[in-house]
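These notes are about the structure you will find just below.
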Amino acid sequence: MPPGSAEFVAVRDGLINAARLAGYGHIELPVFEQTALFARGVGESTDVVSKEMWTFADRNGESFTLRPEGTAGVMRAVIQHGLDKSGQLPLKLCYAGPFFRYERPQAGRYRQLQQVGIEAIGVDDPALDAEVIAIADAGFRGLGLDGFRLEITSLGDETCRPQYRDLLQEFLLGLPLDEETRRRAQINPLRVLDDKRPEVRELTANAPLMIDHLSESAKTHFEQVLAHLDALGVPYVVNPRMVRGLDYYTKTTFEFVHDKLGAQSGIGGGGRYDGLMAELGGQPLSGIGFGIGVDRTVLALAAEGKAAADPARCQVYGIALGDAAKARLVALAGDLRGAGISVDLAYGGRGMKGAMKGADRSGAKYTLVLGDRDLEEHSIGVKEMATGEQRQVPLGEVIGVLRSALGN
C-alpha cells in the first residue's frame, strides 16, 4: 500500500531491468498449475512439495497447486509452446509476481511472497552461469544494496552425483537420525545437509561434501564459472555445504545472503538444472536461473538504512484559486503529464493553507498556483518547494520551464 508500495515497485522494476539489459524477455506465468508438475519438477522429497504447497481439487477432482516457484512453470510453458525450437538458444526469459508457500508467517517469510526470476535455457556454458549470477548481483547493487554476499558451490553432474549420493547415504544411515530424517536420507540424502536443526547439523558436520567428489568435467565447469565471475568483478564465497531447497539443481548452485535479516537471510538464489526439461517431457536441454525475493530485498534495503524509491508522489502539485483557474489548471495538468511530468492537484476546493499542506505531503519539487487574476494576465505562479522561492511564468512557457527545471 502507499507509501510503502513505491519502494516495492522500485525494487521489483530495478531487478527486472537488470535482466532486460542482458536480453531477457518477459513471460507471464499462470498462478496455478497441475500439482504433478511441481511434484515431478521440484521433487517430492523437498519441503516445498511435502509441506509447503497450497494444493486444492477443482470441480472435476483434478489437483492443482498455487505456484511455489517459477522454474517448473517456465519449463512447462517452453515445452508446451515449443519455445525451445522457435529461435536461437539460449532462450532467455524473465518474470515477476506472487508465489505461495504454506508455512508459518514471520518477518521476511510470507505465505504470498513476491519474486523476480530469470531462466536461460538450452546452452550449457559456464559463461552463461556467470551472466545469470552477475545479473542478480547488478540488480542488487543498482538498488544501492551492498551488505550482501554471494555463496556458491557445485552440486556435480550425472557423472559424479550417483557415486556421491551413495557415499553420503551410507554416511547418513550410520548416524542416529530420527525416523523422518532417516526417511529423507533414503529418498534424497542431500536434503539432510540442508537441515537447519542444530542437532542434525552437529551430526552431519563431518559428512562428505559434493565439491570434494566432483568429476573432472564438473570440476572444470565450476572453475570456469568462478573465473568468469572474477572477470566480471562479482565477489563470491565458496560454500561447500550449501544445498538449495529444490531437487532439480545440478552443477552451479548459488545463494545471495544478507546477515542483517536474521533467520530469513536468503534474499535470492538459483542454479543450473540440466535434467529438468527432460524430466518434464521435453528435449534434454540444460538451463540455469534464479529467483529473488522482492519482499526480502525491500527489508534488506531498510536494514541498511537505504531506499530505492523516490518518496515523492509527484513532481508538480497544482493549486487553483477560483473556478475558471481550476478549469485551466486541470487542462494544464493533462498537458504536463503528456510531457512526461507527474502531476497532482488540490481537489475539493480547499483553501490556500490546506492546499499547501497537500503540496508538502506530496513531495513535489514545484507547486503551481493559478488564480483568476493570473488567468487574466496569462501567467502562473511557480514555487520551488525546497527554497520557497516563487516566480510568475507565462502560461504558454510553463511546460518548457518545468521540463528544463526537472531535467525531463
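Identifiers in the C-alpha cells: chain A, B, ... in order shown; residue index from 1 per chain; ligand index from 1 in order shown.
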Against segment 58-72 of chain A, which residues of segment 213-291 of chain A fall within 9 Å? For each one I want the closest pair of atoms and the distance in Å (one decimal), counting only C-alpha atoms, rows by chain and increasing residue number, as a Markdown table.
| residue | atom | partner | partner_atom | distance |
| --- | --- | --- | --- | --- |
| A:Leu276 | CA | A:Ala72 | CA | 8.1 |
| A:Met277 | CA | A:Ala72 | CA | 8.7 |
| A:Leu280 | CA | A:Ala72 | CA | 8.4 |
| A:Gly289 | CA | A:Thr71 | CA | 7.7 |
| A:Phe290 | CA | A:Thr71 | CA | 8.4 |
| A:Gly291 | CA | A:Gly70 | CA | 7.7 |
Create the file for the chosen residues now, containing N, CA and C atoms and written as a CSV table (one decimal), in the first residue's frame.
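Below is the file out-v3.csv, written as the result:
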chain,number,residue,atom,x,y,z
A,276,LEU,N,16.0,-31.1,-15.9
A,276,LEU,CA,14.6,-30.8,-15.6
A,276,LEU,C,13.7,-30.8,-16.8
A,277,MET,N,14.2,-30.3,-17.9
A,277,MET,CA,13.4,-30.3,-19.1
A,277,MET,C,13.0,-31.7,-19.6
A,280,LEU,N,10.4,-33.3,-17.4
A,280,LEU,CA,9.1,-32.9,-17.6
A,280,LEU,C,8.5,-33.2,-19.0
A,289,GLY,N,18.9,-20.5,-13.8
A,289,GLY,CA,18.1,-19.4,-13.5
A,289,GLY,C,18.2,-19.0,-12.0
A,290,PHE,N,17.5,-18.0,-11.6
A,290,PHE,CA,17.4,-17.6,-10.2
A,290,PHE,C,16.0,-17.1,-9.9
A,291,GLY,N,15.8,-17.0,-8.6
A,291,GLY,CA,14.6,-16.4,-8.0
A,291,GLY,C,15.0,-15.4,-6.9
Return as CSV the residues of segment 112-221 of chain A lying at most 8 Å from segment 6-13 of chain A, together with the closest atom-to-atom pair for each and the distance in Å to one decimal, counting only C-alpha atoms, with rows in chain order and ascending residue number.
residue,atom,partner,partner_atom,distance
A:Gln115,CA,A:Arg12,CA,8.0
A:Val116,CA,A:Arg12,CA,6.8
A:Leu143,CA,A:Val11,CA,6.8
Output of the above residues as a PDB file, in the first residue's frame, restricted to all heavy atoms:
ATOM      1  N   GLN A 115       8.401 -12.499  -6.058  1.00  0.00           N
ATOM      2  CA  GLN A 115       9.720 -12.827  -6.594  1.00  0.00           C
ATOM      3  C   GLN A 115       9.906 -12.259  -7.998  1.00  0.00           C
ATOM      4  O   GLN A 115       8.949 -12.052  -8.745  1.00  0.00           O
ATOM      5  CB  GLN A 115       9.920 -14.347  -6.672  1.00  0.00           C
ATOM      6  CG  GLN A 115      10.251 -15.008  -5.356  1.00  0.00           C
ATOM      7  CD  GLN A 115      10.724 -16.449  -5.545  1.00  0.00           C
ATOM      8  OE1 GLN A 115      10.643 -17.013  -6.629  1.00  0.00           O
ATOM      9  NE2 GLN A 115      11.226 -17.037  -4.476  1.00  0.00           N
ATOM     10  N   VAL A 116      11.162 -12.034  -8.337  1.00  0.00           N
ATOM     11  CA  VAL A 116      11.608 -11.798  -9.708  1.00  0.00           C
ATOM     12  C   VAL A 116      12.499 -12.968 -10.070  1.00  0.00           C
ATOM     13  O   VAL A 116      13.335 -13.387  -9.269  1.00  0.00           O
ATOM     14  CB  VAL A 116      12.387 -10.476  -9.818  1.00  0.00           C
ATOM     15  CG1 VAL A 116      13.181 -10.411 -11.115  1.00  0.00           C
ATOM     16  CG2 VAL A 116      11.440  -9.290  -9.723  1.00  0.00           C
ATOM     17  N   LEU A 143      20.179  -1.099  -6.975  1.00  0.00           N
ATOM     18  CA  LEU A 143      19.228  -0.568  -5.999  1.00  0.00           C
ATOM     19  C   LEU A 143      19.924   0.127  -4.829  1.00  0.00           C
ATOM     20  O   LEU A 143      19.262   0.748  -3.994  1.00  0.00           O
ATOM     21  CB  LEU A 143      18.359  -1.707  -5.448  1.00  0.00           C
ATOM     22  CG  LEU A 143      17.429  -2.386  -6.460  1.00  0.00           C
ATOM     23  CD1 LEU A 143      16.822  -3.652  -5.853  1.00  0.00           C
ATOM     24  CD2 LEU A 143      16.329  -1.440  -6.914  1.00  0.00           C
TER      25      LEU A 143
END
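Here atom CA of Gly117 of chain A is placed at a distance of 5.3 Å from atom CA of Tyr95 of chain A.
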Please report as a Markdown table every residue of segment 102-162 of chain A lying within 9 Å of segment 199-222 of chain A, along with the nearest atom pair and their distance in Å (one decimal), using only C-alpha atoms.
| residue | atom | partner | partner_atom | distance |
| --- | --- | --- | --- | --- |
| A:Asp125 | CA | A:His221 | CA | 8.2 |
| A:Pro126 | CA | A:His221 | CA | 6.1 |
| A:Thr153 | CA | A:Ile211 | CA | 7.1 |
| A:Ser154 | CA | A:Ile211 | CA | 6.1 |
| A:Leu155 | CA | A:Met210 | CA | 6.0 |
| A:Gly156 | CA | A:Ala218 | CA | 5.6 |
| A:Asp157 | CA | A:Ala218 | CA | 6.3 |
| A:Thr159 | CA | A:Ser215 | CA | 6.4 |
| A:Cys160 | CA | A:Ser215 | CA | 5.4 |
| A:Arg161 | CA | A:Met210 | CA | 7.8 |
From segment 90-310 of chain A, collect each residue whose DSSP state is strand (DSSP E) and return the set as a PyMOL selection string. chain A and resi 91-100+112-121+149-154+237-238+250-257+266-272+287-293
DSSP on the backbone: which residues in segment 72-230 of chain A end up as helix (DSSP H, G or I)? Give the answer as an MDAnalysis selection string. chainID A and resid 72:81 83:85 126:142 161:172 179:187 190:193 198:203 210:213 216:230
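By only C-alpha atoms, and with residues fewer than 5 positions from Ala138 of chain A along its chain excluded, the set lying at most 12 Å from it is Gly14, Leu15, Ile16, Asn17, Ala18, Ala19, Arg20, Leu21, Ala22, Ala130, Glu131, Val132, Ile133, Leu143, Gly144, Leu145, Asp146, Leu150, Leu232, Gly233, Val234 and Pro235 of chain A.
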Export C-alpha atoms of the chosen residues as a PDB file, in the first residue's frame?
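Output (out-v3.pdb):
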ATOM      1  CA  GLY A  14      15.101  -2.486 -10.707  1.00  0.00           C
ATOM      2  CA  LEU A  15      15.685  -6.244 -10.529  1.00  0.00           C
ATOM      3  CA  ILE A  16      13.772  -6.851 -13.764  1.00  0.00           C
ATOM      4  CA  ASN A  17      15.595  -4.060 -15.595  1.00  0.00           C
ATOM      5  CA  ALA A  18      18.935  -5.698 -14.820  1.00  0.00           C
ATOM      6  CA  ALA A  19      17.693  -8.806 -16.670  1.00  0.00           C
ATOM      7  CA  ARG A  20      16.324  -6.857 -19.621  1.00  0.00           C
ATOM      8  CA  LEU A  21      19.720  -5.235 -20.137  1.00  0.00           C
ATOM      9  CA  ALA A  22      21.010  -8.753 -20.844  1.00  0.00           C
ATOM     10  CA  ALA A 130      28.255 -16.310 -14.633  1.00  0.00           C
ATOM     11  CA  GLU A 131      25.938 -13.983 -16.586  1.00  0.00           C
ATOM     12  CA  VAL A 132      22.892 -15.134 -14.630  1.00  0.00           C
ATOM     13  CA  ILE A 133      24.676 -14.618 -11.313  1.00  0.00           C
ATOM     14  CA  LEU A 143      19.228  -0.568  -5.999  1.00  0.00           C
ATOM     15  CA  GLY A 144      22.010   0.583  -3.668  1.00  0.00           C
ATOM     16  CA  LEU A 145      22.276  -2.684  -1.726  1.00  0.00           C
ATOM     17  CA  ASP A 146      25.815  -3.711  -0.780  1.00  0.00           C
ATOM     18  CA  LEU A 150      27.172 -14.420  -2.840  1.00  0.00           C
ATOM     19  CA  LEU A 232      33.022  -9.683 -14.218  1.00  0.00           C
ATOM     20  CA  GLY A 233      34.116  -8.333 -10.844  1.00  0.00           C
ATOM     21  CA  VAL A 234      31.448 -10.268  -8.938  1.00  0.00           C
ATOM     22  CA  PRO A 235      32.711 -11.206  -5.443  1.00  0.00           C
TER      23      PRO A 235
END
Counting only C-alpha atoms, which residue out of A:Glu180, A:Asp230, A:Glu170, A:Asp259 sits closest to Ala303 of chain A?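 Smallest separation from Ala303 of chain A among the options: A:Asp259.
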I want to know what sits within 10 Å of Leu332 of chain A, based on only C-alpha atoms, with residues of the same chain fewer than 6 positions away left out; could you give that as a PyMOL selection string? chain A and resi 318+326+338+343+395-396+398-399
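Nearest residue to Arg272 of chain A, choosing from A:Gln80, A:Thr297, A:Asn239, A:Ser286 and counting only C-alpha atoms: A:Ser286.
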